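What's in run.cif: mmCIF, C-alpha atoms and all ligand atoms
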data_query
#
loop_
_atom_site.label_atom_id
_atom_site.label_comp_id
_atom_site.auth_asym_id
_atom_site.auth_seq_id
_atom_site.Cartn_x
_atom_site.Cartn_y
_atom_site.Cartn_z
CA MET A 1 -24.98 -36.82 108.71
CA THR A 2 -25.30 -40.18 106.97
CA PRO A 3 -28.58 -40.87 105.17
CA LYS A 4 -30.39 -43.82 106.73
CA SER A 5 -32.32 -44.82 103.63
CA VAL A 6 -32.03 -45.02 99.86
CA ILE A 7 -34.80 -43.47 97.77
CA PHE A 8 -35.71 -45.16 94.50
CA ALA A 9 -37.53 -43.43 91.69
CA GLY A 10 -39.78 -45.72 89.67
CA ALA A 11 -38.45 -45.79 86.09
CA CYS A 12 -36.62 -42.58 86.95
CA ASP A 13 -39.88 -40.80 87.60
CA LEU A 14 -39.09 -38.91 90.78
CA LYS A 15 -42.81 -38.69 91.65
CA ARG A 16 -42.96 -42.49 91.98
CA ARG A 17 -40.66 -42.88 94.94
CA GLY A 18 -39.85 -45.85 97.08
CA GLU A 19 -37.65 -45.92 100.15
CA ILE A 20 -35.53 -48.73 101.57
CA ASP A 21 -33.29 -48.95 104.63
CA ARG A 22 -29.67 -48.30 103.62
CA LYS A 23 -28.40 -51.37 105.48
CA ASP A 24 -30.67 -53.59 103.35
CA VAL A 25 -29.11 -52.39 100.08
CA LYS A 26 -26.39 -54.71 98.81
CA SER A 27 -26.15 -53.52 95.23
CA ILE A 28 -28.09 -51.32 92.84
CA LEU A 29 -28.62 -52.24 89.22
CA PHE A 30 -29.24 -49.38 86.80
CA ASP A 31 -31.08 -49.99 83.61
CA PRO A 32 -30.04 -47.29 81.13
CA THR A 33 -32.98 -48.12 78.83
CA ILE A 34 -35.60 -46.85 81.26
CA CYS A 35 -33.90 -43.84 82.75
CA ASP A 36 -33.41 -40.62 80.87
CA GLU A 37 -36.69 -38.92 81.55
CA THR A 38 -35.63 -36.80 84.50
CA PRO A 39 -34.41 -33.27 83.76
CA THR A 40 -30.70 -33.03 84.51
CA THR A 41 -28.70 -30.40 86.34
CA LEU A 42 -25.89 -30.90 83.81
CA PRO A 43 -25.63 -29.05 80.47
CA HIS A 44 -28.61 -29.99 78.36
CA ALA A 45 -26.67 -30.33 75.12
CA GLY A 46 -25.58 -33.90 74.67
CA MET A 47 -28.27 -35.20 76.97
CA GLN A 48 -31.28 -34.73 74.78
CA GLY A 49 -29.62 -32.49 72.18
CA PRO A 50 -27.95 -33.59 68.95
CA CYS A 51 -24.90 -35.84 69.16
CA GLU A 52 -22.73 -36.81 66.21
CA LEU A 53 -21.25 -39.77 68.07
CA ALA A 54 -22.95 -42.83 69.47
CA ARG A 55 -24.32 -42.09 72.93
CA VAL A 56 -22.84 -43.94 75.87
CA ALA A 57 -24.40 -45.12 79.11
CA ALA A 58 -23.34 -42.95 82.03
CA PHE A 59 -24.34 -42.00 85.55
CA GLU A 60 -25.21 -38.55 86.76
CA ILE A 61 -24.05 -38.22 90.35
CA GLY A 62 -25.58 -35.32 92.28
CA PHE A 63 -24.10 -34.08 95.55
CA VAL A 64 -25.70 -32.99 98.80
CA GLY A 65 -24.30 -29.46 98.64
CA GLY A 66 -25.21 -29.07 94.94
CA GLY A 67 -23.29 -29.81 91.78
CA ALA A 68 -23.17 -32.99 89.73
CA VAL A 69 -20.81 -35.02 87.57
CA LEU A 70 -21.20 -37.58 84.81
CA ALA A 71 -19.37 -40.86 85.33
CA LEU A 72 -18.89 -43.93 83.16
CA ASN A 73 -18.73 -46.29 86.10
CA LEU A 74 -19.05 -46.12 89.83
CA VAL A 75 -18.63 -48.26 92.89
CA ILE A 76 -19.90 -47.61 96.41
CA ALA A 77 -18.01 -49.62 99.00
CA ASP A 78 -17.17 -49.14 102.67
CA GLY A 79 -19.11 -45.88 102.73
CA LYS A 80 -17.14 -44.39 99.85
CA LEU A 81 -18.03 -43.57 96.29
CA HIS A 82 -15.44 -44.13 93.57
CA ALA A 83 -16.42 -42.95 90.10
CA ASP A 84 -14.60 -43.17 86.78
CA LEU A 85 -14.93 -39.94 84.76
CA GLU A 86 -12.75 -41.20 81.89
CA GLN A 87 -10.62 -38.28 80.56
CA ASN A 88 -11.48 -36.32 83.69
CA GLY A 89 -9.91 -39.02 85.85
CA SER A 90 -11.74 -40.39 88.84
CA ILE A 91 -13.33 -39.04 92.01
CA HIS A 92 -13.31 -40.53 95.50
CA GLY A 93 -15.27 -39.40 98.53
CA PRO A 94 -17.87 -40.18 101.20
CA ALA A 95 -21.05 -41.78 99.84
CA SER A 96 -22.99 -39.76 102.43
CA ASP A 97 -22.28 -36.63 100.34
CA VAL A 98 -24.07 -38.15 97.34
CA ARG A 99 -27.68 -36.97 96.96
CA TYR A 100 -28.70 -38.98 93.93
CA ILE A 101 -27.44 -41.20 91.12
CA LEU A 102 -29.29 -41.31 87.82
CA SER A 103 -28.77 -43.46 84.77
CA ARG A 104 -28.21 -41.51 81.54
CA SER A 105 -27.24 -42.01 77.95
CA VAL A 106 -24.98 -39.12 77.03
CA CYS A 107 -22.93 -37.78 74.17
CA PRO A 108 -19.25 -38.72 74.70
CA THR A 109 -18.22 -35.09 74.17
CA VAL A 110 -20.23 -34.05 77.24
CA LEU A 111 -18.35 -36.59 79.34
CA ALA A 112 -15.04 -35.31 78.00
CA THR A 113 -15.71 -31.59 78.37
CA GLN A 114 -17.58 -31.49 81.70
CA GLN A 115 -16.01 -29.47 84.50
CA PRO A 116 -16.59 -31.82 87.44
CA LYS A 117 -17.88 -30.04 90.53
CA THR A 118 -17.50 -32.18 93.63
CA PRO A 119 -17.82 -31.44 97.35
CA ALA A 120 -14.67 -30.42 99.23
CA THR A 121 -14.67 -33.86 100.87
CA PHE A 122 -13.95 -35.46 97.48
CA CYS A 123 -10.54 -36.11 96.00
CA GLN A 124 -10.13 -35.80 92.23
CA GLU A 125 -7.58 -38.05 90.59
CA PRO A 126 -6.32 -36.90 87.17
CA TRP A 127 -6.44 -39.21 84.18
CA HIS A 128 -3.30 -41.31 83.77
CA ILE A 129 -1.96 -42.60 80.49
CA ALA A 130 -0.30 -45.97 80.96
CA VAL A 131 0.06 -48.87 78.55
CA ASN A 132 -1.84 -52.06 79.43
CA PHE A 133 -2.65 -50.63 82.85
CA SER A 134 -4.87 -52.66 85.14
CA PHE A 135 -5.19 -53.27 88.86
CA ALA A 136 -5.97 -56.91 88.09
CA PRO A 137 -3.50 -59.40 89.57
CA VAL A 138 -1.06 -61.23 87.31
CA PHE A 139 -1.71 -64.62 88.93
CA ASN A 140 -2.97 -65.92 92.28
CA ASN A 141 -1.13 -63.37 94.42
CA GLN A 142 -3.50 -60.38 94.55
CA ILE A 143 -0.75 -57.86 95.32
CA PHE A 144 1.39 -58.37 92.20
CA ALA A 145 -0.86 -56.52 89.76
CA ARG A 146 -0.69 -55.48 86.10
CA GLY A 147 -0.41 -51.87 87.20
CA PHE A 148 0.22 -49.87 90.37
CA ALA A 149 -0.95 -46.46 91.56
CA VAL A 150 1.57 -45.27 94.13
CA TYR A 151 0.27 -42.87 96.75
CA VAL A 152 2.81 -41.05 98.92
CA GLU A 153 1.76 -40.02 102.43
CA SER A 154 4.09 -37.35 103.82
CA ASP A 155 4.32 -36.48 107.51
CA ASP A 156 6.00 -33.09 107.04
CA HIS A 157 3.20 -31.13 105.31
CA PRO A 158 5.15 -30.40 102.10
CA THR A 159 4.09 -27.71 99.64
CA PRO A 160 2.08 -29.09 96.70
CA GLY A 161 5.15 -28.67 94.48
CA VAL A 162 7.43 -30.65 96.81
CA GLN A 163 4.78 -33.31 97.27
CA ALA A 164 4.31 -33.65 93.49
CA LYS A 165 8.08 -34.14 92.99
CA ARG A 166 8.21 -36.68 95.81
CA ARG A 167 5.23 -38.55 94.35
CA GLN A 168 6.93 -38.72 90.96
CA LEU A 169 10.25 -39.83 92.48
CA VAL A 170 8.63 -42.66 94.44
CA ALA A 171 6.42 -43.77 91.53
CA ASN A 172 9.42 -43.81 89.16
CA ALA A 173 11.53 -45.80 91.60
CA PHE A 174 8.65 -48.18 92.29
CA GLY A 175 8.20 -48.68 88.54
CA SER A 176 11.92 -49.52 88.22
CA ALA A 177 11.62 -51.94 91.14
CA ILE A 178 8.78 -53.72 89.31
CA VAL A 179 10.97 -53.85 86.18
CA LEU A 180 13.64 -55.67 88.22
CA TRP A 181 11.19 -58.27 89.47
CA THR A 182 9.55 -58.69 86.08
CA ALA A 183 12.94 -59.08 84.36
CA ALA A 184 13.73 -61.87 86.84
CA LEU A 185 10.49 -63.54 85.81
CA GLN A 186 11.34 -63.10 82.13
CA ASN A 187 14.76 -64.69 82.68
CA ALA A 188 13.00 -67.68 84.22
CA ARG A 189 10.56 -67.91 81.29
CA LYS A 190 11.72 -71.40 80.29
CA ASN A 191 10.64 -72.74 83.70
CA LEU A 192 7.20 -71.17 83.46
CA THR A 193 3.96 -72.69 82.23
CA GLY A 194 0.31 -71.71 82.10
CA GLU A 195 -0.79 -68.26 83.20
CA LEU A 196 2.65 -67.02 84.24
CA ALA A 197 4.19 -68.01 80.90
CA ALA A 198 1.27 -66.35 79.09
CA TYR A 199 1.77 -63.21 81.19
CA ILE A 200 5.44 -62.92 80.26
CA ASP A 201 4.66 -63.57 76.60
CA SER A 202 2.00 -60.85 76.72
CA ILE A 203 4.44 -58.18 77.93
CA VAL A 204 7.38 -59.00 75.65
CA SER A 205 7.41 -57.71 72.08
CA ARG A 206 9.92 -59.26 69.67
CA SER A 207 11.24 -57.80 66.45
CA SER A 208 12.08 -59.96 63.42
CA SER A 209 15.78 -59.14 64.01
CA GLY A 210 15.68 -60.69 67.46
CA TYR A 211 15.28 -57.73 69.78
CA ALA A 212 12.95 -58.26 72.72
CA LEU A 213 11.22 -55.35 74.47
CA LEU A 214 9.87 -55.91 77.95
CA ALA A 215 6.85 -53.78 78.92
CA PRO A 216 6.25 -54.64 82.58
CA ALA A 217 3.52 -53.39 84.89
CA GLN A 218 3.68 -49.62 85.22
CA ALA A 219 3.49 -47.43 88.28
CA VAL A 220 1.61 -44.13 88.13
CA PRO A 221 1.73 -41.49 90.87
CA ALA A 222 -1.62 -41.28 92.68
CA THR A 223 -3.02 -37.97 93.87
CA CYS A 224 -5.91 -39.45 95.88
CA PRO A 225 -5.31 -41.94 98.69
CA ASP A 226 -8.31 -43.98 97.54
CA PHE A 227 -6.82 -44.39 94.07
CA GLY A 228 -3.48 -45.61 95.46
CA SER A 229 -3.02 -49.37 95.27
CA ILE A 230 0.33 -49.04 97.07
CA HIS A 231 0.87 -46.51 99.86
CA VAL A 232 4.34 -45.25 100.63
CA ARG A 233 4.86 -43.35 103.89
CA TRP A 234 7.55 -40.71 103.56
CA LEU A 235 8.52 -40.32 107.21
CA THR A 236 10.68 -37.48 108.47
CA ASP A 237 9.71 -37.93 112.10
CA SER A 238 8.67 -41.38 113.23
CA GLU A 239 10.07 -42.71 116.46
CA THR A 240 7.58 -45.56 116.34
CA ILE A 241 8.53 -47.03 112.98
CA PHE A 242 12.19 -45.93 112.86
CA PRO A 243 13.29 -45.64 116.50
CA THR A 244 17.05 -45.87 115.81
CA ARG A 245 18.77 -43.26 113.63
CA LYS A 246 20.42 -44.38 110.36
CA ASP A 247 19.37 -47.99 110.91
CA TYR A 248 16.43 -49.12 108.74
CA VAL A 249 15.98 -47.40 105.36
CA GLY A 250 12.51 -48.83 104.93
CA LYS A 251 9.92 -51.24 106.27
CA ALA A 252 6.96 -52.91 104.64
CA GLN A 253 3.80 -54.65 105.65
CA VAL A 254 4.32 -58.35 104.84
CA GLU A 255 1.49 -59.47 102.54
CA GLY A 256 0.42 -55.87 102.34
CA ARG A 257 0.35 -52.72 100.28
CA THR A 258 2.10 -50.26 102.55
CA ILE A 259 5.78 -49.29 102.67
CA ALA A 260 7.42 -46.88 105.13
CA LEU A 261 10.62 -44.97 104.25
CA ASP A 262 12.97 -43.27 106.70
CA ALA A 263 13.27 -39.91 104.93
CA ARG A 264 14.69 -38.37 108.12
CA ASP A 265 18.06 -40.11 107.83
CA PHE A 266 18.28 -41.03 104.15
CA ASP A 267 18.34 -38.85 101.03
CA PHE A 268 16.40 -40.94 98.53
CA VAL A 269 17.00 -40.63 94.81
CA TRP A 270 15.85 -42.52 91.73
CA ASN A 271 18.76 -43.49 89.56
CA LEU A 272 18.78 -46.18 86.92
CA ARG A 273 22.59 -46.18 87.00
CA GLY A 274 23.39 -46.73 90.64
CA ASP A 275 27.03 -45.68 90.11
CA GLN A 276 26.05 -42.06 89.52
CA ILE A 277 24.79 -41.25 92.97
CA SER A 278 26.81 -39.80 95.82
CA GLN A 279 27.76 -41.54 99.06
CA GLN A 280 25.16 -39.49 100.92
CA GLN A 281 22.31 -40.62 98.67
CA THR A 282 20.29 -43.81 98.70
CA ASN A 283 18.91 -45.25 95.50
CA LEU A 284 15.25 -45.93 96.11
CA ILE A 285 15.01 -48.65 93.42
CA LYS A 286 16.69 -51.40 95.46
CA VAL A 287 14.90 -50.29 98.62
CA LEU A 288 11.49 -50.50 96.96
CA ALA A 289 12.33 -53.76 95.14
CA HIS A 290 13.12 -55.26 98.57
CA GLU A 291 10.08 -53.80 100.30
CA PHE A 292 7.77 -54.85 97.48
CA GLY A 293 9.15 -58.37 97.99
CA HIS A 294 7.74 -58.19 101.53
CA CYS A 295 4.44 -56.85 100.17
CA ILE A 296 3.95 -59.96 98.02
CA GLY A 297 4.84 -62.19 100.96
CA LEU A 298 8.60 -62.80 100.79
CA GLU A 299 10.67 -62.98 103.96
CA HIS A 300 14.40 -62.27 104.24
CA ALA A 301 16.97 -64.41 102.46
CA ALA A 302 19.46 -66.44 104.51
CA PRO A 303 22.24 -64.26 106.04
CA GLY A 304 25.13 -63.67 103.64
CA GLN A 305 23.12 -64.72 100.58
CA ARG A 306 23.07 -62.14 97.77
CA SER A 307 19.42 -61.49 97.16
CA VAL A 308 16.90 -58.71 96.68
CA MET A 309 15.59 -60.01 99.98
CA ALA A 310 18.93 -59.67 101.86
CA ASP A 311 18.21 -57.80 105.08
CA VAL A 312 21.01 -55.27 104.46
CA LEU A 313 20.94 -52.84 101.54
CA THR A 314 24.64 -53.28 100.68
CA GLU A 315 24.09 -57.01 100.10
CA ILE A 316 21.37 -56.54 97.49
CA PRO A 317 22.64 -57.27 93.95
CA ASP A 318 21.92 -54.94 91.02
CA ILE A 319 19.68 -57.52 89.41
CA PRO A 320 17.63 -60.27 91.11
CA THR A 321 19.27 -63.69 91.26
CA ALA A 322 17.85 -66.98 89.96
CA ALA A 323 16.89 -67.78 93.56
CA ASP A 324 14.98 -64.48 93.73
CA ALA A 325 13.11 -65.41 90.55
CA ALA A 326 12.21 -68.82 92.01
CA ALA A 327 10.98 -67.17 95.22
CA LEU A 328 8.88 -64.71 93.19
CA ILE A 329 7.31 -67.50 91.11
CA ASP A 330 6.47 -69.38 94.32
CA MET A 331 4.78 -66.27 95.77
CA LEU A 332 2.84 -65.46 92.59
CA GLY A 333 1.31 -68.93 92.75
CA ARG A 334 0.04 -68.45 96.29
CA HIS A 335 -3.41 -67.11 97.05
CA ILE A 336 -2.41 -64.00 98.97
CA ARG A 337 -4.97 -61.26 99.45
CA GLY A 338 -2.94 -58.82 101.49
CA THR A 339 -4.02 -55.95 103.71
CA ALA A 340 -5.56 -52.74 102.37
CA PRO A 341 -3.35 -49.89 101.10
CA GLY A 342 -2.41 -47.70 104.07
CA GLU A 343 -2.65 -50.48 106.65
CA PHE A 344 0.62 -50.80 108.51
CA ASN A 345 1.13 -52.92 111.57
CA ALA A 346 4.54 -52.28 113.13
CA THR A 347 4.63 -55.77 114.63
CA SER A 348 4.00 -57.66 111.38
CA CYS A 349 6.23 -55.62 109.10
CA SER A 350 9.75 -56.35 107.95
CA GLY A 351 12.59 -53.93 107.35
CA LEU A 352 15.77 -53.31 105.38
CA ARG A 353 18.87 -52.03 107.14
CA ALA A 354 21.26 -49.54 105.56
CA LYS A 355 24.20 -51.61 106.79
CA ARG A 356 24.83 -54.53 109.09
CA PRO A 357 24.96 -53.41 112.74
CA LYS A 358 28.53 -53.55 114.13
CA ALA A 359 27.87 -55.32 117.40
CA PRO A 360 25.51 -58.29 117.51
CA ARG A 361 22.37 -57.45 119.44
CA THR A 362 22.00 -59.14 122.78
CA ASN A 363 18.20 -59.23 122.78
ZN ZN B 401 13.26 -56.55 104.67
#
Kindly return the structure encoded in the file as structure tokens.
Ligand SMILES: [Zn+2]
Amino acid sequence: MTPKSVIFAGACDLKRRGEIDRKDVKSILFDPTICDETPTTLPHAGMQGPCELARVAAFEIGFVGGGAVLALNLVIADGKLHADLEQNGSIHGPASDVRYILSRSVCPTVLATQQPKTPATFCQEPWHIAVNFSFAPVFNNQIFARGFAVYVESDDHPTPGVQAKRRQLVANAFGSAIVLWTAALQNARKNLTGELAAYIDSIVSRSSSGYALLAPAQAVPATCPDFGSIHVRWLTDSETIFPTRKDYVGKAQVEGRTIALDARDFDFVWNLRGDQISQQQTNLIKVLAHEFGHCIGLEHAAPGQRSVMADVLTEIPDIPTAADAAALIDMLGRHIRGTAPGEFNATSCSGLRAKRPKAPRTN
């Protein structure tokens, strides 16, 4: 049941209530200076009790079935609530399960030590530690961000342990794929100006003895689908997306945030030294570097050209070429919004073959 209206409490006094049709609400502004009067369902200490640290503005989110959490920030969009609980990670779930939101000033220790109780319909994302992490785009292209949360959708109902390993494998390989692209950008630094040059300079640390350390955008494994900025489908049984056996290793939504992997026919591994994997294994780094190229808008390179965007895995070089770097720079400059994570349209996606088909296709 979705509530039809939003109830406002005048200056947080629940006796002074106003009601407005939900469809008429575009945004709600909370003023923390006028709202702390209402008794809270959360532990009293830290609310009105003593606090050795400076209090911070927070929201108390109460749920329909009972229970509440404290959040530093929240967004309600497309019928979903996303709330940042700082050290307790973030929560994501249907806004219709939220009963109230109150503005509070709380002791930081209460935020840190709360045991968030959310309805079963909510997903709780743990806190991730990542350097310089941000979902903000690097330049005009909205898909190439300063950080990625990689969510893996599996179709084979794995145990939580298997799923966690898979999530880590894909996030690691995706992170390495981003390193490849970023290194290409760094190598082209002399051709860059403005925001792109500033971006590269901001992620390279130099020592006085001449060493340069590149700290590119990081990829963290997402637990909640709503936290994932990139969705990877781990498919063990998809006749729709991978109709032919041992043909395409992966496909991606062009100008999108969704990648599909054929995990039925390929044994994916993450290996920084590609020479150490067996013939039966497929290194996910090159596959994801290629598919991410599609995500940011790149099409396939000309046949026979060595490129990350070659349409056959065996023709992808270990490191991106100067032409790849130029193609990346071109794409970063374009205003590309991309489709939402999880959106995958089989007719507007592009794929990577394991090897070139023997006989030319007649159709
Ligand atoms: Zn492709």
8 Å shell around ligand ZN 401 (chain B) using only C-alpha atoms and all ligand atoms, listed as an MDAnalysis selection string: chainID A and resid 250:252 290:291 294 299:300 309:312 350:353
Atom CA of Asn141 of chain A and atom CA of Ala171 of chain A are how many Å apart? 21.2 Å
Under the rule that only C-alpha atoms are counted, which of A:Val75, A:Pro357, A:Pro225, A:Ala263 is the nearest residue to Glu343 of chain A? A:Pro225
Dump as a Markdown table the rows for residues of segment 124-237 of chain A within 7 Å of segment 89-103 of chain A: closest atom pair and distance in Å with one decimal, only C-alpha atoms counted, ordered by chain and rising residue number.
| residue | atom | partner | partner_atom | distance |
| --- | --- | --- | --- | --- |
| A:Gln124 | CA | A:Ile91 | CA | 4.6 |
| A:Glu125 | CA | A:Ser90 | CA | 5.1 |
| A:Pro126 | CA | A:Gly89 | CA | 4.4 |
| A:Trp127 | CA | A:Gly89 | CA | 3.9 |
| A:Asp226 | CA | A:His92 | CA | 6.4 |
Identify, on the basis of all atoms listed in the file, every residue whose closest approach to Glu195 of chain A does not exceed 12 Å; exclude the query and any residue fewer than 2 positions from it along the same chain; express the result as a short mmCIF file (atom, residue, chain, number, x, y, z; two decimals) with C-alpha atoms, in the frame of the given file.
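Written out: out.cif:
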data_model
loop_
_atom_site.label_atom_id
_atom_site.label_comp_id
_atom_site.auth_asym_id
_atom_site.auth_seq_id
_atom_site.Cartn_x
_atom_site.Cartn_y
_atom_site.Cartn_z
CA PRO A 137 -3.50 -59.40 89.57
CA VAL A 138 -1.06 -61.23 87.31
CA PHE A 139 -1.71 -64.62 88.93
CA ASN A 140 -2.97 -65.92 92.28
CA ARG A 189 10.56 -67.91 81.29
CA LEU A 192 7.20 -71.17 83.46
CA THR A 193 3.96 -72.69 82.23
CA ALA A 197 4.19 -68.01 80.90
CA ALA A 198 1.27 -66.35 79.09
CA TYR A 199 1.77 -63.21 81.19
CA ILE A 200 5.44 -62.92 80.26
CA ASP A 201 4.66 -63.57 76.60
CA SER A 202 2.00 -60.85 76.72
CA ILE A 329 7.31 -67.50 91.11
CA LEU A 332 2.84 -65.46 92.59
CA GLY A 333 1.31 -68.93 92.75
#
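Residues with any atom within 12 Å of the point (17.3, -43.8, 86.8), counting only C-alpha atoms, are A:Leu169, A:Val170, A:Ala171, A:Asn172, A:Ala173, A:Phe174, A:Gly175, A:Ser176, A:Ala177, A:Val179, A:Val269, A:Trp270, A:Asn271, A:Leu272, A:Arg273, A:Gly274, A:Asp275, A:Gln276, A:Ile277, A:Asn283, A:Leu284, A:Ile285, A:Lys286.
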Between atom CA of Ala219 of chain A and atom CA of Val152 of chain A, measure the distance and give it in Å to one decimal.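 Atom CA of Val152 of chain A lies 12.4 Å from atom CA of Ala219 of chain A.
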Find the residues near Pro320 of chain A: any atom within 7 Å, counting all atoms listed in the file, skip ones fewer than 5 places away on the same chain, and give them as a PDB file with C-alpha atoms, keeping the file's coordinate frame.
ATOM      1  CA  LEU A 180      13.640 -55.670  88.220  1.00  0.00           C
ATOM      2  CA  TRP A 181      11.190 -58.270  89.470  1.00  0.00           C
ATOM      3  CA  ALA A 184      13.730 -61.870  86.840  1.00  0.00           C
ATOM      4  CA  SER A 307      19.420 -61.490  97.160  1.00  0.00           C
ATOM      5  CA  VAL A 308      16.900 -58.710  96.680  1.00  0.00           C
ATOM      6  CA  ALA A 325      13.110 -65.410  90.550  1.00  0.00           C
TER       7      ALA A 325
END
Across A:Cys51, A:Ile241, A:Leu328, A:Ile319, the smallest distance to Ser348 of chain A, with all atoms listed in the file counted, is shown by A:Ile241
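Picture a line from atom CA of Pro216 of chain A to atom CA of Ile203 of chain A; it runs 6.1 Å.
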Which polymer residues, protein or nucleic acid, are no farther than 9 Å from (4.3, -59.2, 101.2), counting all atoms listed in the file, as a short mmCIF file (atom, residue, chain, number, x, y, z; two decimals) with C-alpha atoms, keeping the file's coordinate frame?
data_model
loop_
_atom_site.label_atom_id
_atom_site.label_comp_id
_atom_site.auth_asym_id
_atom_site.auth_seq_id
_atom_site.Cartn_x
_atom_site.Cartn_y
_atom_site.Cartn_z
CA ILE A 143 -0.75 -57.86 95.32
CA ALA A 252 6.96 -52.91 104.64
CA GLN A 253 3.80 -54.65 105.65
CA VAL A 254 4.32 -58.35 104.84
CA GLU A 255 1.49 -59.47 102.54
CA GLY A 256 0.42 -55.87 102.34
CA ARG A 257 0.35 -52.72 100.28
CA GLU A 291 10.08 -53.80 100.30
CA PHE A 292 7.77 -54.85 97.48
CA GLY A 293 9.15 -58.37 97.99
CA HIS A 294 7.74 -58.19 101.53
CA CYS A 295 4.44 -56.85 100.17
CA ILE A 296 3.95 -59.96 98.02
CA GLY A 297 4.84 -62.19 100.96
CA LEU A 298 8.60 -62.80 100.79
CA GLU A 299 10.67 -62.98 103.96
CA MET A 331 4.78 -66.27 95.77
CA ILE A 336 -2.41 -64.00 98.97
CA GLY A 338 -2.94 -58.82 101.49
CA CYS A 349 6.23 -55.62 109.10
#
Using only C-alpha atoms, the residue out of A:Leu85, A:Val150, A:Ala58, A:Leu74 with shortest distance to Phe227 of chain A is A:Val150
Around segment 161-173 of chain A, with edges along x, y and z and 5 Å added on all six sides, what centre and edge lengths do you get, in Å to one decimal, as lines of an AutoDock Vina configuration file?
center_x = 7.9
center_y = -37.2
center_z = 93.2
size_x = 17.2
size_y = 27.1
size_z = 18.1
A:Val106, A:Ile28, A:Ile178, A:Ala322 ranked by distance to Arg306 of chain A, top pick (using all atoms listed in the file): A:Ala322
Between A:Ala188, A:Phe59, A:Ile76, A:Ile316, which is the closest to Val25 of chain A once you count only C-alpha atoms? A:Ile76
Could you name the residues that touch Asn88 of chain A at 12 Å or less, counting only C-alpha atoms, but leaving out those on the same chain fewer than 2 positions away, as a list in words? Val69, Leu70, Ala71, Leu72, Ala83, Asp84, Leu85, Glu86, Ser90, Ile91, Thr109, Val110, Leu111, Ala112, Thr113, Gln114, Gln115, Pro116, Lys117, Gln124, Glu125, Pro126, Trp127, His128 and Ile129 of chain A
From the options A:Arg166, A:Lys190, A:Arg245, A:Arg337, which residue's atoms come nearest to Phe268 of chain A, counting only C-alpha atoms?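 Among the listed residues, A:Arg166 lies closest to Phe268 of chain A.
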